[in-house]
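Trainee: The structure is given below, and queries will be raised subsequently.
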Amino acid sequence: MITVEESEDRPLMDHVQSQTISDDSSSKYKVTGLRTSIPKLLLTIILTICSGGFLLLVMHWYPKVNVILTKKKSKFGTATYIHIISCDTEIHGVANVKDSDGIRYFKYQHSKYIFECGEIFLVNGLENLHYSDIHAMSGGVSDSVLDYKLMRYGPNVIDVPVPSYIVLFFKEALQPFYIFQAFAVVLWMWDDYEQYATAILIITLGSIAITIYEQRKQKNKINKMAASSVEVEVLRNGENAVLQSSDLVPGDVILIPRDGFLLSCDAVLVSGSAIVNECALTGESIPVSKAPVPYISKFIYESGDVEKVTVSEDLIYNPERDKKYSLLAGTTVLQSKPTSGTNAVAIVMRTGFSTFKGSLIRSILCPKPTQFEFQADAQRFIMMLSFFAVLGFTYTVYISLKLGATISKTVRLGLDLVTVVVPPALPAALTIGVVYAVQRLKKSKIFCIDPQRVNFCGKIQYICFDKTGTLTEDGLSVLCAIPSSSIFLGATSEGHLIKQEMFLHALATCHEISIINGEYIGDPLDIEMFEFTGWTFEECDELNPLASFVSAIVSSPERDGEDDDDPKEIGIIRSFPFTSELQRMCVVTKNLQTDEMILFCKGSPEMIHSLSLESTIPGNFHSELDSYTNEGYRVIAFGWKVLDSETSWHSIQTMRRSELECDLNFTGLLIMENHLKGDTTGCISELMYSNTKVCMVTGDNIFTAISVSKKCGIVPINGGLHDVIVVKKEGQSVAFQLDSQEQTSVILPTKYSQMEIVNTIIGLTSRPFVFAIAETAFNHVAEFHPLLYELLLLKGKVFARMKPGKKQKLVEDLQKIGYTVSMCGDGANDCGALKSAHAGVSLSEAEASIAAPFTSANPSISCMIEILRQGRAALVTASVTFRFMAMYSMIQFITQLLHYSIGTNMTDSQFLYIDMFVISGIAVTLGHSQPALNLAPSTPKAQLIDFKVFVLLTLHVIITFGFQFFVFMLVQTYPFYDPNADSGNYPRKCLENTAVFIISQSQYAIYGVVLCQGHPFRRPAYRNWTLMLVFFLCTVMTVLFVFQPLPFLTKMMNLVSLQQLDVQITFILLMALNFVLVYLVEELFDTNRVTGCLNGVKIFLNKAKPQFVTLREVWEDLFSNDFNSKNFYK
């Protein structure tokens, strides 16, 4: 904790100029102190005036330019600004430094940073507190520190201001695209294209209006999501007081009503218990129970020697680890139960944007940039087109001056050509596919809070699936229970038939069940297990005399006609929650008839085995366990021990788990069935067909996971042609074992090469194989065996007993070798992996969850099929739109140059028709093409430009120029051609204009249809009825332009009659030939032979292979003598 006195650090800050800081998502930033430089500022003002204000726009678009031109570096102690550079994305930002009653701070992306002790720190609530320190705060906040806390942490609000329409308008209008549009409109007005310029201006203003309406609507939605103002009863200065939630500060003691309420801060429970619904934050639909943080001394006395004291670091409160004790802002307490008094009690730890809910809102407001390759390709292509614009401008100046045009007109024509060649809307057009994809996903009840991730979905190469609740059903049913003594006593499928009393008591007590409105609430596994026993469960309220030391009582059923001395009632004194890290939970109970205290523990068989006395473990433990796990059943083990008779209730409340969970008596196994969901196998099969790698990442037993993975098809057994190699840790080395041959294992040498790995595997099996590994071996291989780890990432199919942090590590390591990775899970345990993946998908009832960018309300992995379909279609739509926009620019560029060569241009109405009807209609409807019904065995390219596209565009430009130039010269040979027609006007009404206009407007429609193919990722173009409608209307208009049956249309478009029927038919045939040539070129380049030849050509646009491809090729070569390389990677 930093006190007020410690914040007097200006002398230290006077010697510091820059520092690296991080936010709560571990993003790193380099920060530098700045002050305004008066000489630089004066020079910038002069340059701004000289540039007509354009320099201000550049400074607005690029904060780095603003820093360079107006600021100078300064020590933190005297800085008035902070320059912030993201270490990950190189994005620049500038924040104002503020002083408030001795606290010096700045805010960036809704996070607050303060200057203390010569450095900058993130203000993130109370941190690094020992459990006992938290309990020591139970007296509440006093007035002496309240003002300081309010200044340091600020009010407890997640403030999402909703800008006015005026502010949003100027913010949007100052974007480069709209500035370019404004420049173009002024230029067109200057060039007497009033109708066209007015139409573009109206459309642009309409586009801005729609955008800012949607932006404000979204801001209002987020504001309502963030807003939370409730009355809270707190303890201040030793007295109860009712406050607004916005007045809470870290350290406040809040009293939780019994009937629950909406939490507005992150807190830790110190007294009582609570049932909380966390669905909105974690995606976990099942209410979870919360227990008070234990009161344990922070000091450890070695051998009772008071002189040898150490601090217990493992009991520092950690919100990620100690979720069982944590209450989160935005969640709802359904019910609370006090230990004593009238209310459960919690200590406020974080407020405002520092809360877990605040991090959700901040991730929506300030998403991490995930620039796809498309954006960089689009920018490079615009630069390429800028080169054509310079050439065109040069030609325009030359030809205009040659024809005697004034300098003013020459400049206008040149700049006009620039607005044609460079399409400023290209980056925006590339998002059309994403917009349609998000809308379609929403119809399928798949919600997306980060649309930028949609493009990544089109490139997914690897999907990690959780098992329980994702591949299998949520619910589990008890198959049987197997009690044990020194041996297993035989399975029973009915709980009341269990004769081993300690095993029965363990089943009845070792759970985290609560009751709300007469219904059991808790993990479905716990509920199923408890109902299997036939016992009854009762929570103790204040009317129960046992409530002061027992939280709940379980009672055995009456057994009429039986002489049964079993205890009828067992009280639960304290429970230690299940955690994935520990793979177990336990309860301390009291036999209410004998006063005997007994601890019951349940968890993974491996964990309970390690905690139990060797003498109590059945000799056939492993064979019995394997017989069930190999069939895919879920197995839970139980142990117990009687506590020392001198152990008191108070000592139980302060004891560590490690003191209790040891020297257990092993008592039996519970076998549970967990059926695959109905569509799991079919979905996995379709993913495998699409060459998408899939694996299972679960906390379950490795052999259970292998069995389930075989049943659903993740392990490609293909009639027994694949072997599963289990990777095990053997001392400091690694052993390989076939899952079907438990006694046969091969140990790698201590030091080995890739070839020795290959030989070791070949010695075990000669068939294609995949790996299965549990977390202990995974950690060992990842840290000490990098060569084997490479192969594991390529060939791993089952990752078992994986804790949440290791799931995240697996996802991140797969990304490091170049995979585009998706993670699909259903619970809070998968949160880290879901957020780290390129496309995390949470199966949850919540419409939007902090857990992942995508949330599917349908708890089925079929959502992954839909997400991949839509992602691939979005990628293709972006590629198609890019090529169409590129051809649009080049077609109009050629048209303009031909017109300039004879001193004219297209008319106002011709520009209006092409841009407002043809281009807009095609650009909007290109994205309407639906994704293909089935996933193809490949993924679309993530590049807009490669050698194939470059060659195609070049050929299309040649074809375009050829047809336009041909008709331009052709009409000059006709007997009715007049070279001086309408020579006194501009634009001229002449035959060349008519011919080039008719051909060029048809070329837009031709390219719109031909380019809109997208096979095999989208349905055929003819299935896109909106595009076909636009193409039909364009064809009708073309016929009308050629034959000119409507005089008013001819006059409006300023066309010259083609007069002769043979000339008209020639134009129709030329346009048909143009269509055929464009179509044939596209089809030719879509053949495997041509594509293969082009892929073999090395050009400057080529990119290096992903690392996983290189690794795969290396390992394939090493195995090539013994395995079919095609099967190696399956």
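Ordering of the structure tokens sets the chain letters (A, B, ...), residue numbers begin anew at 1 in every chain, and ligands are numbered from 1 in the order given.
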Give the alpha helix (DSSP H) residues of region 944-1081 of chain A, as assigned by DSSP on the backbone, as a PyMOL selection string.

Mentor: chain A and resi 947-970+991-1011+1025-1043+1047-1052+1061-1081

Trainee: Pick from A:Ser690, A:Asp663, A:Phe1085, A:Thr1066: nearest to Lys459 (chain A), with only C-alpha atoms counted?

Mentor: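 Closest candidate: A:Ser690.
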
Trainee: Which polymer residues have any atom within 10 Å of an atom of Leu146 (chain A), counting only C-alpha atoms, with same-chain residues fewer than 5 positions away left out, as a CSV table (one decimal) with N, CA, C and O atoms, in the first residue's frame?

Mentor:
chain,number,residue,atom,x,y,z
A,141,VAL,N,-13.8,1.9,6.1
A,141,VAL,CA,-13.0,3.1,5.8
A,141,VAL,C,-13.3,4.2,6.8
A,141,VAL,O,-14.5,4.5,7.0
A,151,MET,N,-9.7,10.5,-4.3
A,151,MET,CA,-8.8,11.2,-5.2
A,151,MET,C,-8.0,10.2,-6.0
A,151,MET,O,-7.8,10.3,-7.2
A,152,ARG,N,-7.5,9.1,-5.3
A,152,ARG,CA,-6.7,8.1,-5.9
A,152,ARG,C,-7.4,7.2,-6.9
A,152,ARG,O,-7.0,7.0,-8.0
A,236,ARG,N,-18.9,2.5,7.7
A,236,ARG,CA,-18.0,3.6,7.6
A,236,ARG,C,-17.8,4.2,9.1
A,236,ARG,O,-18.8,4.4,9.8
A,248,LEU,N,-18.6,4.3,-3.4
A,248,LEU,CA,-17.8,3.2,-2.8
A,248,LEU,C,-16.3,3.4,-3.2
A,248,LEU,O,-16.0,3.9,-4.3
A,249,VAL,N,-15.4,3.1,-2.3
A,249,VAL,CA,-14.0,3.1,-2.6
A,249,VAL,C,-13.4,1.8,-2.1
A,249,VAL,O,-13.9,1.1,-1.3
A,250,PRO,N,-12.2,1.4,-2.7
A,250,PRO,CA,-11.5,0.2,-2.2
A,250,PRO,C,-11.3,0.2,-0.7
A,250,PRO,O,-10.8,1.2,-0.2
A,251,GLY,N,-11.6,-0.8,0.0
A,251,GLY,CA,-11.5,-0.9,1.4
A,251,GLY,C,-12.8,-0.8,2.1
A,251,GLY,O,-12.9,-1.1,3.3
A,252,ASP,N,-13.9,-0.3,1.4
A,252,ASP,CA,-15.2,-0.2,2.0
A,252,ASP,C,-15.7,-1.6,2.4
A,252,ASP,O,-15.4,-2.6,1.7

Trainee: Nearest to Pro294 (chain A) among A:Thr654, A:Glu558, A:Asn240, A:Pro319, with distances taken over only C-alpha atoms: which residue is it?

Mentor: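 Ranking A:Thr654, A:Glu558, A:Asn240, A:Pro319 by distance to Pro294 (chain A), first place goes to A:Thr654.
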
Trainee: What's the 10 Å shell around Val162 (chain A), counting only C-alpha atoms, without same-chain residues fewer than 5 positions away, as a VMD selection string?

Mentor: chain A and resid 167 to 168 215 to 223

Trainee: Under the rule that only C-alpha atoms are counted, which of A:Leu122, A:Ile286, A:Asn674, A:Val268 is the nearest residue to Ala329 (chain A)?

Mentor: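 Going through A:Leu122, A:Ile286, A:Asn674, A:Val268 one by one, the smallest distance to Ala329 (chain A) is for A:Val268.
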
Trainee: Smallest atom-to-atom distance to Thr509 (chain A): which of A:Met672, A:Val588, A:Leu69, A:Ile817, using only C-alpha atoms?

Mentor: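 Answer, going by the shortest atom-to-atom distance: A:Val588.
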
Trainee: Would you please give, as a VMD selection string, all residues of region 588-780 of chain A that DSSP assigns to strand (DSSP E) based on the backbone?

Mentor: chain A and resid 588 to 591 597 to 603 634 to 642 665 to 673 693 to 697 723 to 730 733 to 738 745 to 747 769 to 774

Trainee: So, counting only C-alpha atoms, which residue among A:Gly825, A:Gly840, A:Gly154, A:Gly330 is closest to Met225 (chain A)?

Mentor: A:Gly330

Trainee: To one decimal place in Å, what is the distance between CA of Tyr398 (chain A) and CA of Gln379 (chain A)?

Mentor: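 Interatomic distance here is 28.9 Å.
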
Trainee: I need the residue nearest Cys279 (chain A) from this list: A:Val333, A:Met755, A:Val67, A:Met969. Use only C-alpha atoms for the distance.

Mentor: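 Looking only at the distances to Cys279 (chain A), the closest residue turns out to be A:Val333.
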
Trainee: Which neighbours of Leu1111 (chain A) fall inside 12 Å, counting only C-alpha atoms, when residues of the same chain fewer than 5 positions from it are skipped, and could you give them as a list in words?

Mentor: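 Counting only the stated atoms, we get Gln754, Leu787, Leu788, Tyr789, Glu790, Leu791, Leu792, Leu793, Leu794, Lys795, Ile817, Gly818, Tyr819, Lys1105, Pro1106, Glu1116, Asp1117, Leu1118 and Tyr1129 of chain A.
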
Trainee: Do you know which residues are at most 10 Å from Lys409 (chain A) counting only C-alpha atoms, after dropping those on the same chain fewer than 3 positions away, and could you put them as a VMD selection string?

Mentor: chain A and resid 190 to 191 397 400 to 401 405 to 406 412 to 415

Trainee: For those residues, write C-alpha atoms to a file as a compact mmCIF listing (two decimals), in the first residue's frame.

Mentor:
# COMPACT_ATOMS: atom_id res chain seq x y z
CA TRP A 190 -15.36 23.84 -59.99
CA ASP A 191 -15.43 21.68 -63.12
CA VAL A 397 -1.18 18.15 -68.54
CA SER A 400 -4.49 19.53 -72.45
CA LEU A 401 -1.76 22.06 -73.13
CA ALA A 405 -6.49 24.38 -72.70
CA THR A 406 -5.88 27.00 -70.03
CA ARG A 412 -8.74 20.72 -62.89
CA LEU A 413 -8.66 17.88 -65.39
CA GLY A 414 -5.50 16.43 -63.87
CA LEU A 415 -6.87 16.51 -60.34

Trainee: Quote the spacing between CA of Val253 (chain A) and CA of Asp147 (chain A) in Å to one decimal place.

Mentor: 16.3 Å

Trainee: Counting only C-alpha atoms, what is within 8 Å of Tyr689 (chain A), bar same-chain residues fewer than 5 positions away, as a ChimeraX atom specification?

Mentor: /A:935-937

Trainee: Go ahead and save the residues from that selection, with all heavy atoms, as a compact mmCIF listing (two decimals), in the first residue's frame.

Mentor:
# COMPACT_ATOMS: atom_id res chain seq x y z
N LEU A 935 -18.14 -26.93 -45.90
CA LEU A 935 -16.78 -26.43 -45.84
C LEU A 935 -15.91 -27.12 -46.89
O LEU A 935 -15.95 -28.34 -47.03
CB LEU A 935 -16.17 -26.66 -44.45
CG LEU A 935 -16.79 -25.87 -43.30
CD1 LEU A 935 -16.15 -26.29 -41.98
CD2 LEU A 935 -16.61 -24.37 -43.51
N ALA A 936 -15.14 -26.32 -47.60
CA ALA A 936 -14.22 -26.87 -48.59
C ALA A 936 -12.95 -27.36 -47.90
O ALA A 936 -12.63 -26.92 -46.79
CB ALA A 936 -13.87 -25.80 -49.62
N PRO A 937 -12.19 -28.26 -48.53
CA PRO A 937 -10.95 -28.79 -47.90
C PRO A 937 -9.77 -27.83 -48.04
O PRO A 937 -8.64 -28.26 -48.14
CB PRO A 937 -10.72 -30.09 -48.67
CG PRO A 937 -11.35 -29.87 -49.98
CD PRO A 937 -12.54 -28.99 -49.75
